[in-house]
$ cat work-v8.pdb   # PDB, C-alpha atoms and all ligand atoms
ATOM      1  CA  MET C   6     118.055 142.414  18.842
ATOM      2  CA  THR C   7     118.813 145.996  17.892
ATOM      3  CA  ASP C   8     120.110 146.500  21.463
ATOM      4  CA  GLN C   9     122.832 143.932  20.859
ATOM      5  CA  TYR C  10     123.906 145.802  17.743
ATOM      6  CA  GLN C  11     123.801 149.133  19.596
ATOM      7  CA  GLN C  12     126.033 147.716  22.363
ATOM      8  CA  PHE C  13     128.583 146.691  19.752
ATOM      9  CA  ILE C  14     128.469 150.103  18.114
ATOM     10  CA  ASP C  15     128.867 151.843  21.512
ATOM     11  CA  VAL C  16     131.875 149.716  22.466
ATOM     12  CA  LEU C  17     133.599 149.973  19.080
ATOM     13  CA  SER C  18     132.991 153.739  18.879
ATOM     14  CA  HIS C  19     135.203 154.163  21.947
ATOM     15  CA  CYS C  20     138.087 152.193  20.420
ATOM     16  CA  LYS C  21     141.018 153.446  18.380
ATOM     17  CA  ARG C  22     142.693 150.218  17.288
ATOM     18  CA  VAL C  23     140.831 146.926  17.058
ATOM     19  CA  LEU C  24     142.347 143.470  16.634
ATOM     20  CA  VAL C  25     139.997 141.292  14.575
ATOM     21  CA  THR C  26     140.329 137.517  14.364
ATOM     22  CA  THR C  27     138.391 134.468  13.217
ATOM     23  CA  HIS C  28     138.532 130.686  13.358
ATOM     24  CA  VAL C  29     141.499 128.564  12.315
ATOM     25  CA  ARG C  30     141.424 127.411   8.645
ATOM     26  CA  PRO C  31     139.360 130.473   7.690
ATOM     27  CA  ASP C  32     136.752 130.162   4.942
ATOM     28  CA  GLY C  33     135.210 132.856   2.758
ATOM     29  CA  ASP C  34     132.701 133.903   5.415
ATOM     30  CA  ALA C  35     135.417 134.255   8.058
ATOM     31  CA  LEU C  36     137.724 136.279   5.805
ATOM     32  CA  GLY C  37     135.036 138.326   4.073
ATOM     33  CA  THR C  38     133.492 139.271   7.403
ATOM     34  CA  CYS C  39     136.854 140.312   8.884
ATOM     35  CA  ALA C  40     137.655 142.371   5.781
ATOM     36  CA  ALA C  41     134.272 144.135   5.750
ATOM     37  CA  LEU C  42     134.481 144.950   9.468
ATOM     38  CA  VAL C  43     137.994 146.385   9.133
ATOM     39  CA  LEU C  44     136.951 148.534   6.144
ATOM     40  CA  ALA C  45     133.840 149.750   7.978
ATOM     41  CA  MET C  46     135.779 150.673  11.127
ATOM     42  CA  LYS C  47     138.281 152.633   9.016
ATOM     43  CA  LYS C  48     135.374 154.822   7.842
ATOM     44  CA  LYS C  49     134.833 155.696  11.511
ATOM     45  CA  GLY C  50     138.525 156.503  12.029
ATOM     46  CA  ILE C  51     139.236 153.229  13.843
ATOM     47  CA  GLU C  52     142.376 151.370  12.812
ATOM     48  CA  ALA C  53     141.962 147.614  12.673
ATOM     49  CA  GLU C  54     144.242 144.704  11.840
ATOM     50  CA  VAL C  55     143.491 141.012  11.373
ATOM     51  CA  LEU C  56     145.061 138.124  13.267
ATOM     52  CA  LEU C  57     144.936 134.843  11.314
ATOM     53  CA  LEU C  58     145.526 131.597  13.203
ATOM     54  CA  SER C  59     146.313 129.766   9.976
ATOM     55  CA  HIS C  60     147.512 131.043   6.624
ATOM     56  CA  LEU C  61     145.403 133.070   4.230
ATOM     57  CA  PRO C  62     144.259 130.516   1.591
ATOM     58  CA  THR C  63     145.403 131.384  -1.951
ATOM     59  CA  LYS C  64     141.796 131.238  -3.132
ATOM     60  CA  TYR C  65     140.843 134.150  -0.863
ATOM     61  CA  LYS C  66     143.982 136.290  -1.106
ATOM     62  CA  PHE C  67     142.173 138.782  -3.345
ATOM     63  CA  VAL C  68     139.692 139.583  -0.543
ATOM     64  CA  PHE C  69     142.455 140.946   1.694
ATOM     65  CA  GLU C  70     144.523 142.402  -1.139
ATOM     66  CA  GLU C  71     141.678 144.432  -2.632
ATOM     67  CA  ALA C  72     140.782 145.699   0.844
ATOM     68  CA  GLY C  73     144.428 146.642   1.566
ATOM     69  CA  LEU C  74     144.303 144.830   4.905
ATOM     70  CA  VAL C  75     147.147 144.419   7.391
ATOM     71  CA  HIS C  76     147.221 140.895   8.792
ATOM     72  CA  HIS C  77     149.335 138.832  11.170
ATOM     73  CA  ASP C  78     149.653 135.111  10.386
ATOM     74  CA  VAL C  79     150.668 132.917  13.340
ATOM     75  CA  GLU C  80     150.249 129.515  11.663
ATOM     76  CA  LYS C  81     153.987 128.827  11.864
ATOM     77  CA  GLY C  82     154.185 130.028  15.461
ATOM     78  CA  TRP C  83     153.354 133.064  17.541
ATOM     79  CA  PRO C  84     155.974 135.800  17.914
ATOM     80  CA  GLU C  85     157.484 135.925  21.399
ATOM     81  CA  HIS C  86     155.565 139.133  22.081
ATOM     82  CA  PHE C  87     152.464 139.481  19.960
ATOM     83  CA  PRO C  88     151.632 143.233  19.968
ATOM     84  CA  PHE C  89     148.309 142.912  21.809
ATOM     85  CA  ALA C  90     149.170 146.148  23.651
ATOM     86  CA  ASN C  91     148.790 148.063  20.356
ATOM     87  CA  PHE C  92     145.045 147.369  20.401
ATOM     88  CA  ASP C  93     142.246 148.492  22.686
ATOM     89  CA  CYS C  94     139.580 145.991  21.626
ATOM     90  CA  PHE C  95     139.393 142.343  20.493
ATOM     91  CA  LEU C  96     136.730 141.297  18.002
ATOM     92  CA  VAL C  97     136.205 137.643  17.047
ATOM     93  CA  ALA C  98     134.086 136.850  13.984
ATOM     94  CA  ASP C  99     132.429 133.616  12.784
ATOM     95  CA  THR C 100     133.196 131.570  15.909
ATOM     96  CA  GLY C 101     132.742 131.790  19.661
ATOM     97  CA  THR C 102     134.540 128.640  20.748
ATOM     98  CA  TRP C 103     138.098 128.309  22.027
ATOM     99  CA  SER C 104     138.717 125.039  20.178
ATOM    100  CA  GLN C 105     138.549 127.029  16.923
ATOM    101  CA  LEU C 106     140.911 129.686  18.266
ATOM    102  CA  PRO C 107     144.077 127.732  19.060
ATOM    103  CA  GLY C 108     146.583 129.626  21.183
ATOM    104  CA  VAL C 109     144.279 132.579  21.817
ATOM    105  CA  GLN C 110     142.687 131.806  25.195
ATOM    106  CA  GLU C 111     145.927 131.663  27.177
ATOM    107  CA  ARG C 112     147.367 134.701  25.394
ATOM    108  CA  ILE C 113     144.422 137.011  26.057
ATOM    109  CA  ALA C 114     143.636 135.832  29.603
ATOM    110  CA  ASN C 115     145.245 138.891  31.184
ATOM    111  CA  TRP C 116     144.504 141.307  28.372
ATOM    112  CA  ASN C 117     142.113 143.841  29.783
ATOM    113  CA  VAL C 118     140.203 145.211  26.774
ATOM    114  CA  PRO C 119     136.587 144.730  25.617
ATOM    115  CA  LYS C 120     136.220 141.328  23.953
ATOM    116  CA  LEU C 121     133.486 140.948  21.349
ATOM    117  CA  VAL C 122     132.069 137.945  19.486
ATOM    118  CA  LEU C 123     130.092 138.334  16.247
ATOM    119  CA  ASP C 124     128.856 134.914  15.123
ATOM    120  CA  HIS C 125     126.069 132.790  13.654
ATOM    121  CA  HIS C 126     126.955 129.396  15.166
ATOM    122  CA  LEU C 127     124.864 127.674  17.814
ATOM    123  CA  THR C 128     127.875 126.411  19.777
ATOM    124  CA  GLN C 129     129.161 129.227  21.966
ATOM    125  CA  GLU C 130     131.325 129.559  25.036
ATOM    126  CA  ASP C 131     130.583 132.309  27.491
ATOM    127  CA  TRP C 132     133.722 134.427  27.603
ATOM    128  CA  ALA C 133     133.079 137.567  25.576
ATOM    129  CA  ASP C 134     132.040 140.870  27.175
ATOM    130  CA  HIS C 135     129.521 141.405  24.398
ATOM    131  CA  LYS C 136     128.092 138.842  22.015
ATOM    132  CA  LEU C 137     126.232 139.432  18.790
ATOM    133  CA  VAL C 138     125.130 135.897  17.937
ATOM    134  CA  ILE C 139     122.330 135.485  15.386
ATOM    135  CA  THR C 140     121.918 131.797  14.576
ATOM    136  CA  GLU C 141     119.335 132.441  11.823
ATOM    137  CA  ALA C 142     121.990 134.300   9.845
ATOM    138  CA  ALA C 143     123.283 132.256   6.918
ATOM    139  CA  ALA C 144     126.715 133.816   7.330
ATOM    140  CA  ALA C 145     128.566 135.968   9.840
ATOM    141  CA  GLY C 146     128.718 138.414   6.937
ATOM    142  CA  GLU C 147     124.961 138.994   7.271
ATOM    143  CA  ILE C 148     125.457 140.148  10.861
ATOM    144  CA  ALA C 149     128.401 142.346   9.881
ATOM    145  CA  ALA C 150     126.291 143.931   7.131
ATOM    146  CA  GLU C 151     123.485 144.678   9.596
ATOM    147  CA  LEU C 152     125.980 146.174  12.056
ATOM    148  CA  ILE C 153     127.487 148.360   9.342
ATOM    149  CA  GLU C 154     124.048 149.569   8.281
ATOM    150  CA  LEU C 155     122.895 150.355  11.850
ATOM    151  CA  TRP C 156     126.192 152.197  12.382
ATOM    152  CA  ASN C 157     125.236 154.381   9.382
ATOM    153  CA  ILE C 158     128.340 153.479   7.411
ATOM    154  CA  PRO C 159     127.674 153.513   3.663
ATOM    155  CA  ILE C 160     128.696 150.201   2.080
ATOM    156  CA  ASP C 161     131.292 150.907  -0.600
ATOM    157  CA  SER C 162     132.247 148.510  -3.392
ATOM    158  CA  LYS C 163     135.167 146.975  -1.450
ATOM    159  CA  MET C 164     133.038 146.262   1.618
ATOM    160  CA  ALA C 165     130.288 144.930  -0.621
ATOM    161  CA  MET C 166     132.675 142.525  -2.345
ATOM    162  CA  ALA C 167     133.973 141.201   0.995
ATOM    163  CA  LEU C 168     130.427 140.718   2.301
ATOM    164  CA  TYR C 169     129.358 139.005  -0.918
ATOM    165  CA  VAL C 170     132.257 136.540  -0.573
ATOM    166  CA  ALA C 171     131.046 135.848   2.984
ATOM    167  CA  LEU C 172     127.475 135.166   1.833
ATOM    168  CA  VAL C 173     128.290 132.977  -1.159
ATOM    169  CA  SER C 174     130.838 130.908   0.746
ATOM    170  CA  ASP C 175     128.457 129.883   3.511
ATOM    171  CA  THR C 176     125.426 129.400   1.250
ATOM    172  CA  GLY C 177     127.156 127.594  -1.654
ATOM    173  CA  TRP C 178     126.310 130.552  -3.907
ATOM    174  CA  PHE C 179     122.781 130.731  -2.384
ATOM    175  CA  GLN C 180     122.038 127.014  -2.869
ATOM    176  CA  PHE C 181     122.059 125.730   0.732
ATOM    177  CA  SER C 182     119.004 125.623   2.981
ATOM    178  CA  ASN C 183     120.390 128.387   5.230
ATOM    179  CA  THR C 184     119.732 130.948   2.462
ATOM    180  CA  ARG C 185     116.875 133.171   3.671
ATOM    181  CA  PRO C 186     115.025 136.124   2.154
ATOM    182  CA  PHE C 187     117.316 138.458   4.145
ATOM    183  CA  THR C 188     120.335 136.849   2.435
ATOM    184  CA  LEU C 189     118.969 137.509  -1.032
ATOM    185  CA  ARG C 190     117.875 141.063  -0.218
ATOM    186  CA  LEU C 191     121.356 141.757   1.151
ATOM    187  CA  ALA C 192     122.907 140.206  -1.971
ATOM    188  CA  ALA C 193     120.830 142.592  -4.095
ATOM    189  CA  THR C 194     122.014 145.577  -2.021
ATOM    190  CA  LEU C 195     125.621 144.432  -2.410
ATOM    191  CA  MET C 196     125.213 144.105  -6.188
ATOM    192  CA  GLU C 197     123.857 147.653  -6.260
ATOM    193  CA  ALA C 198     126.918 148.757  -4.269
ATOM    194  CA  GLY C 199     129.090 147.514  -7.118
ATOM    195  CA  VAL C 200     129.905 143.814  -6.704
ATOM    196  CA  ASP C 201     130.926 142.268 -10.019
ATOM    197  CA  THR C 202     129.294 138.890  -9.347
ATOM    198  CA  ASP C 203     130.439 137.321 -12.618
ATOM    199  CA  HIS C 204     134.067 138.234 -11.881
ATOM    200  CA  LEU C 205     133.681 136.926  -8.329
ATOM    201  CA  TYR C 206     132.207 133.631  -9.547
ATOM    202  CA  GLN C 207     135.206 133.174 -11.837
ATOM    203  CA  LEU C 208     137.650 133.939  -9.011
ATOM    204  CA  LEU C 209     135.991 131.507  -6.599
ATOM    205  CA  TYR C 210     134.748 128.685  -8.809
ATOM    206  CA  GLN C 211     136.591 128.882 -12.123
ATOM    207  CA  ASN C 212     140.080 129.438 -10.856
ATOM    208  CA  GLU C 213     141.452 125.943 -10.221
ATOM    209  CA  ARG C 214     144.951 124.860 -11.092
ATOM    210  CA  ALA C 215     145.036 122.408 -14.026
ATOM    211  CA  GLU C 216     147.010 119.991 -11.826
ATOM    212  CA  ARG C 217     144.108 119.815  -9.400
ATOM    213  CA  VAL C 218     141.556 119.056 -12.117
ATOM    214  CA  ALA C 219     143.884 116.350 -13.495
ATOM    215  CA  LEU C 220     144.072 114.830  -9.996
ATOM    216  CA  GLN C 221     140.292 115.036  -9.707
ATOM    217  CA  ALA C 222     139.983 113.078 -12.981
ATOM    218  CA  ARG C 223     142.274 110.378 -11.557
ATOM    219  CA  ALA C 224     140.254 110.248  -8.348
ATOM    220  CA  MET C 225     136.994 109.900 -10.260
ATOM    221  CA  GLN C 226     138.423 107.138 -12.434
ATOM    222  CA  SER C 227     139.213 105.232  -9.245
ATOM    223  CA  LEU C 228     135.595 105.356  -8.035
ATOM    224  CA  GLU C 229     134.193 102.088  -6.713
ATOM    225  CA  LEU C 230     130.528 101.730  -5.789
ATOM    226  CA  LEU C 231     129.928  99.117  -3.089
ATOM    227  CA  ALA C 232     127.145  98.051  -0.727
ATOM    228  CA  ASP C 233     124.416  98.332  -3.381
ATOM    229  CA  GLY C 234     125.680 101.751  -4.407
ATOM    230  CA  GLN C 235     125.482 103.182  -0.891
ATOM    231  CA  LEU C 236     129.246 103.294  -0.402
ATOM    232  CA  ALA C 237     131.518 105.263  -2.742
ATOM    233  CA  VAL C 238     135.274 104.764  -2.486
ATOM    234  CA  MET C 239     137.918 106.834  -4.243
ATOM    235  CA  THR C 240     141.651 106.261  -4.049
ATOM    236  CA  ILE C 241     144.496 108.629  -4.845
ATOM    237  CA  ARG C 242     147.842 106.889  -5.205
ATOM    238  CA  LYS C 243     151.314 108.333  -4.869
ATOM    239  CA  GLN C 244     151.701 107.779  -8.621
ATOM    240  CA  ASP C 245     148.657 109.991  -9.281
ATOM    241  CA  PHE C 246     150.403 112.909  -7.547
ATOM    242  CA  LEU C 247     153.591 112.276  -9.507
ATOM    243  CA  ASP C 248     151.806 111.970 -12.880
ATOM    244  CA  THR C 249     149.569 115.022 -12.453
ATOM    245  CA  LYS C 250     152.134 117.170 -10.562
ATOM    246  CA  ALA C 251     149.361 117.898  -8.031
ATOM    247  CA  SER C 252     150.036 118.109  -4.305
ATOM    248  CA  VAL C 253     148.167 116.971  -1.204
ATOM    249  CA  PRO C 254     146.213 120.273  -0.710
ATOM    250  CA  ASP C 255     144.784 119.658  -4.205
ATOM    251  CA  THR C 256     142.705 116.812  -2.733
ATOM    252  CA  GLU C 257     140.539 119.342  -0.845
ATOM    253  CA  ASN C 258     136.784 118.833  -1.423
ATOM    254  CA  LEU C 259     137.312 115.864  -3.792
ATOM    255  CA  ILE C 260     135.545 113.703  -1.223
ATOM    256  CA  ASN C 261     132.301 115.605  -1.926
ATOM    257  CA  VAL C 262     132.203 114.569  -5.607
ATOM    258  CA  PRO C 263     130.731 111.049  -5.143
ATOM    259  CA  LEU C 264     128.015 112.451  -2.868
ATOM    260  CA  GLN C 265     126.407 113.734  -6.074
ATOM    261  CA  ILE C 266     125.344 110.134  -6.765
ATOM    262  CA  ARG C 267     121.752 109.537  -5.651
ATOM    263  CA  THR C 268     122.323 106.149  -3.993
ATOM    264  CA  VAL C 269     125.511 107.092  -2.141
ATOM    265  CA  GLU C 270     125.159 107.390   1.632
ATOM    266  CA  VAL C 271     128.851 107.354   2.586
ATOM    267  CA  ALA C 272     131.953 108.392   0.657
ATOM    268  CA  LEU C 273     135.551 107.431   1.485
ATOM    269  CA  LEU C 274     138.687 108.929  -0.009
ATOM    270  CA  PHE C 275     142.002 107.136   0.513
ATOM    271  CA  THR C 276     145.114 109.224  -0.031
ATOM    272  CA  GLU C 277     148.486 107.497  -0.245
ATOM    273  CA  PRO C 278     151.235 109.765   1.119
ATOM    274  CA  LEU C 279     154.160 111.000  -0.977
ATOM    275  CA  ASP C 280     156.499 110.118   1.908
ATOM    276  CA  SER C 281     156.463 107.281   4.424
ATOM    277  CA  GLY C 282     153.645 108.866   6.452
ATOM    278  CA  PRO C 283     150.252 107.312   7.167
ATOM    279  CA  VAL C 284     147.490 106.731   4.617
ATOM    280  CA  ARG C 285     144.791 109.388   5.109
ATOM    281  CA  VAL C 286     141.116 108.497   4.863
ATOM    282  CA  SER C 287     138.440 111.193   4.530
ATOM    283  CA  LEU C 288     134.850 110.221   5.284
ATOM    284  CA  ARG C 289     131.589 111.942   4.374
ATOM    285  CA  SER C 290     128.005 110.916   5.111
ATOM    286  CA  LYS C 291     124.630 112.194   3.962
ATOM    287  CA  GLY C 292     123.367 111.714   7.526
ATOM    288  CA  GLN C 293     122.334 108.094   8.123
ATOM    289  CA  ILE C 294     125.784 106.873   9.195
ATOM    290  CA  ASP C 295     127.755 108.754  11.863
ATOM    291  CA  VAL C 296     131.221 108.778  10.291
ATOM    292  CA  ALA C 297     132.856 110.391  13.352
ATOM    293  CA  LYS C 298     131.741 107.423  15.465
ATOM    294  CA  PHE C 299     132.946 105.033  12.740
ATOM    295  CA  ALA C 300     136.354 106.757  12.515
ATOM    296  CA  GLN C 301     136.892 106.405  16.284
ATOM    297  CA  GLN C 302     137.546 102.648  15.980
ATOM    298  CA  PHE C 303     140.628 103.589  13.906
ATOM    299  CA  GLY C 304     141.683 106.457  16.186
ATOM    300  CA  GLY C 305     140.118 109.133  13.969
ATOM    301  CA  GLY C 306     137.277 111.570  14.575
ATOM    302  CA  GLY C 307     135.410 114.631  13.368
ATOM    303  CA  HIS C 308     131.735 115.385  12.856
ATOM    304  CA  ALA C 309     128.790 113.061  12.192
ATOM    305  CA  ARG C 310     128.829 113.960   8.484
ATOM    306  CA  ALA C 311     132.528 114.714   7.955
ATOM    307  CA  ALA C 312     135.396 112.864   9.580
ATOM    308  CA  GLY C 313     138.928 111.643   8.998
ATOM    309  CA  LEU C 314     141.377 108.965  10.087
ATOM    310  CA  LYS C 315     144.980 107.957   9.434
ATOM    311  CA  LEU C 316     146.546 104.502   9.416
ATOM    312  CA  GLN C 317     150.247 103.717   9.371
ATOM    313  CA  ALA C 318     149.845 100.807   6.965
ATOM    314  CA  SER C 319     150.007 100.117   3.240
ATOM    315  CA  LEU C 320     147.323 101.538   0.991
ATOM    316  CA  ALA C 321     146.007  98.034   0.258
ATOM    317  CA  ASP C 322     145.780  97.122   3.959
ATOM    318  CA  THR C 323     144.122 100.402   4.895
ATOM    319  CA  HIS C 324     141.630 100.053   2.062
ATOM    320  CA  ALA C 325     140.758  96.469   3.032
ATOM    321  CA  ARG C 326     140.301  97.237   6.731
ATOM    322  CA  VAL C 327     138.329 100.467   6.429
ATOM    323  CA  VAL C 328     136.141  99.444   3.471
ATOM    324  CA  GLY C 329     135.416  96.095   5.160
ATOM    325  CA  ALA C 330     134.380  97.777   8.384
ATOM    326  CA  MET C 331     132.227 100.306   6.561
ATOM    327  CA  GLN C 332     130.434  97.606   4.571
ATOM    328  CA  LYS C 333     129.603  95.890   7.895
ATOM    329  CA  THR C 334     128.346  99.204   9.281
ATOM    330  CA  ILE C 335     126.064  99.761   6.293
ATOM    331  CA  HIS C 336     124.869  96.121   6.103
ATOM    332  CA  PRO C 337     125.269  94.662   9.605
TER     333      PRO C 337
HETATM  334 MN    MN Q 401     130.215 131.312   8.802
END
$ encode --input "work-v8.pdb" --output "structure tokens"
Amino acid sequence: MTDQYQQFIDVLSHCKRVLVTTHVRPDGDALGTCAALVLAMKKKGIEAEVLLLSHLPTKYKFVFEEAGLVHHDVEKGWPEHFPFANFDCFLVADTGTWSQLPGVQERIANWNVPKLVLDHHLTQEDWADHKLVITEAAAAGEIAAELIELWNIPIDSKMAMALYVALVSDTGWFQFSNTRPFTLRLAATLMEAGVDTDHLYQLLYQNERAERVALQARAMQSLELLADGQLAVMTIRKQDFLDTKASVPDTENLINVPLQIRTVEVALLFTEPLDSGPVRVSLRSKGQIDVAKFAQQFGGGGHARAAGLKLQASLADTHARVVGAMQKTIHP
């Protein structure tokens, strides 16, 4: 295992400018890992910049701002000539699959530099020159921290903060089952390096817009429990957006709220559009029902525990069709 780390260190030590990227719709682990790696490489005299395939979420802006990072955002389209030639190495963190790197594969096909993947996911495609994939790691940030330590780079407070964001994002602030003793020991080291955990908790978890909490209240008021309490349905109407002044991105994660209920197996969230677009349905499962398979009958898809679908119909029609079908799935 140390060999893999040493290979990475050897390759990176020969580089002058590294382009670092991560998966589309980056989370705290993706962004924290990129930030920590860039800061660490700077200590070795290596310039590094970050390529983001979708915008930097507001919630995580502070991670890049405090690190003083340069980043390129191609969400709204790639420039005609992305300056790949300015870099002599390509490092991808927190993913190793092309489907999570839209637009990258074709653009780097003829780019002849070392390509590195640092990741903790099981699903991998075999394209990198060197891979550092540790699936036991709770977060890519754990692997980055180990790399930084083996490279003999002292972890300063900025690096520590970025790595802490990575850890807490992927472990739900150390609550999820992926949290291992290594994670907690690393967290302790990062605290000693100067992470203000209370401040970080406030930035990440006590920093919502009032409009979003008002929308959440509306969504919770709409909760219906069906199929003997196994099916939870929430509905957000156009009027709810207008009354609360919230917007569609404010619905993020609301679908997880009814999963707190002991009896609930499946949760559905119906969102009526502000324009004439389709009604969006988000689906979550605790594991017994494959919601991706369910969503397919309506042209949707996703993962077994998290999926989505859209129907160009009225809210009432969509609700009737999808809830009816789900009740039949739960009680055939
Ligand atoms: Mn991750």
$ atom_distance --input "work-v8.pdb" --atom1 "atom CA of Ala133 of chain C" --atom2 "atom CA of Lys120 of chain C"
5.2 Å
$ closest_residue --input "work-v8.pdb" --among "C:Ile51, C:Leu274, C:Val286, C:Leu264" --to "Gly304 of chain C" --atoms "only C-alpha atoms"
C:Val286
$ resolve_selection --input "work-v8.pdb" --expression "the PyMOL selection byres (((chain C and resi 67-76) around 9) and not hetatm)" --output "PyMOL selection string"
chain C and resi 33+36-37+40-41+43-44+53-57+61+63-66+77-78+163-164+166-167+170+208
$ residues_near_point --input "work-v8.pdb" --point "(139.0, 112.9, -4.2)" --cutoff "6 Å" --atoms "only C-alpha atoms" --output "ChimeraX atom specification"
/C:224,256,259-260,274
$ atom_distance --input "work-v8.pdb" --atom1 "atom CA of Val25 of chain C" --atom2 "atom CA of Val173 of chain C"
21.3 Å
$ residues_around --input "work-v8.pdb" --residues "segment 312-316 of chain C" --least-positions-apart "5" --cutoff "9 Å" --atoms "all atoms listed in the file" --output "number ranges by chain"
C: 282-290, 295-301, 303-307, 323
$ closest_residue --input "work-v8.pdb" --among "C:Val23, C:Leu236, C:Leu247, C:Ala98" --to "Thr268 of chain C" --atoms "all atoms listed in the file"
C:Leu236
$ residues_near_ligand --input "work-v8.pdb" --ligand "ligand MN 401 (chain Q)" --cutoff "7 Å" --atoms "all atoms listed in the file" --output "ChimeraX atom specification"
/C:34-35,99,125,144-145,175
$ atom_distance --input "work-v8.pdb" --atom1 "atom CA of Pro84 of chain C" --atom2 "atom CA of Val109 of chain C"
12.7 Å
$ residues_around --input "work-v8.pdb" --residues "segment 154-156 of chain C" --least-positions-apart "2" --cutoff "10 Å" --atoms "all atoms listed in the file" --output "list in words"
Thr7, Tyr10, Gln11, Phe13, Ile14, Asp15, Ser18, Ala45, Met46, Lys49, Ile148, Ala149, Ala150, Glu151, Leu152, Ile158, Pro159 and Ile160 of chain C
$ residues_near_point --input "work-v8.pdb" --point "(139.6, 155.5, 22.0)" --cutoff "10 Å" --atoms "only C-alpha atoms" --output "ChimeraX atom specification"
/C:16-23,51,92-94
$ closest_residue --input "work-v8.pdb" --among "C:Ile335, C:Asp8, C:Asn117, C:Phe181" --to "Lys136 of chain C" --atoms "all atoms listed in the file"
C:Asp8
$ build_atoms --input "work-v8.pdb" --residues "segment 113-131 of chain C" --atoms "N, CA and C atoms" --output "compact mmCIF listing (two decimals), in the frame of the given file"
# COMPACT_ATOMS: atom_id res chain seq x y z
N ILE C 113 145.23 135.81 25.77
CA ILE C 113 144.42 137.01 26.06
C ILE C 113 143.86 137.01 27.47
N ALA C 114 144.22 135.98 28.26
CA ALA C 114 143.64 135.83 29.60
C ALA C 114 143.81 137.09 30.45
N ASN C 115 144.99 137.71 30.36
CA ASN C 115 145.24 138.89 31.18
C ASN C 115 145.20 140.20 30.38
N TRP C 116 144.58 140.13 29.24
CA TRP C 116 144.50 141.31 28.37
C TRP C 116 143.19 142.02 28.66
N ASN C 117 143.30 143.19 29.26
CA ASN C 117 142.11 143.84 29.78
C ASN C 117 141.52 144.86 28.81
N VAL C 118 140.90 144.35 27.74
CA VAL C 118 140.20 145.21 26.77
C VAL C 118 138.82 144.59 26.52
N PRO C 119 137.88 145.34 25.95
CA PRO C 119 136.59 144.73 25.62
C PRO C 119 136.77 143.61 24.60
N LYS C 120 136.12 142.48 24.86
CA LYS C 120 136.22 141.33 23.95
C LYS C 120 134.84 141.06 23.38
N LEU C 121 134.77 141.05 22.05
CA LEU C 121 133.49 140.95 21.35
C LEU C 121 133.44 139.71 20.46
N VAL C 122 132.27 139.07 20.40
CA VAL C 122 132.07 137.94 19.49
C VAL C 122 130.90 138.26 18.56
N LEU C 123 131.14 138.16 17.26
CA LEU C 123 130.09 138.33 16.25
C LEU C 123 130.00 137.00 15.51
N ASP C 124 128.88 136.29 15.65
CA ASP C 124 128.86 134.91 15.12
C ASP C 124 127.44 134.46 14.79
N HIS C 125 127.38 133.37 14.00
CA HIS C 125 126.07 132.79 13.65
C HIS C 125 126.01 131.30 14.00
N HIS C 126 126.97 130.81 14.78
CA HIS C 126 126.96 129.40 15.17
C HIS C 126 126.24 129.18 16.50
N LEU C 127 125.62 128.02 16.61
CA LEU C 127 124.86 127.67 17.81
C LEU C 127 125.80 127.42 18.99
N THR C 128 126.92 126.74 18.71
CA THR C 128 127.88 126.41 19.78
C THR C 128 128.63 127.66 20.19
N GLN C 129 128.49 128.03 21.46
CA GLN C 129 129.16 129.23 21.97
C GLN C 129 129.72 128.94 23.35
N GLU C 130 130.83 129.59 23.66
CA GLU C 130 131.32 129.56 25.04
C GLU C 130 131.17 130.97 25.59
N ASP C 131 130.97 131.04 26.90
CA ASP C 131 130.58 132.31 27.49
C ASP C 131 131.80 133.05 28.02
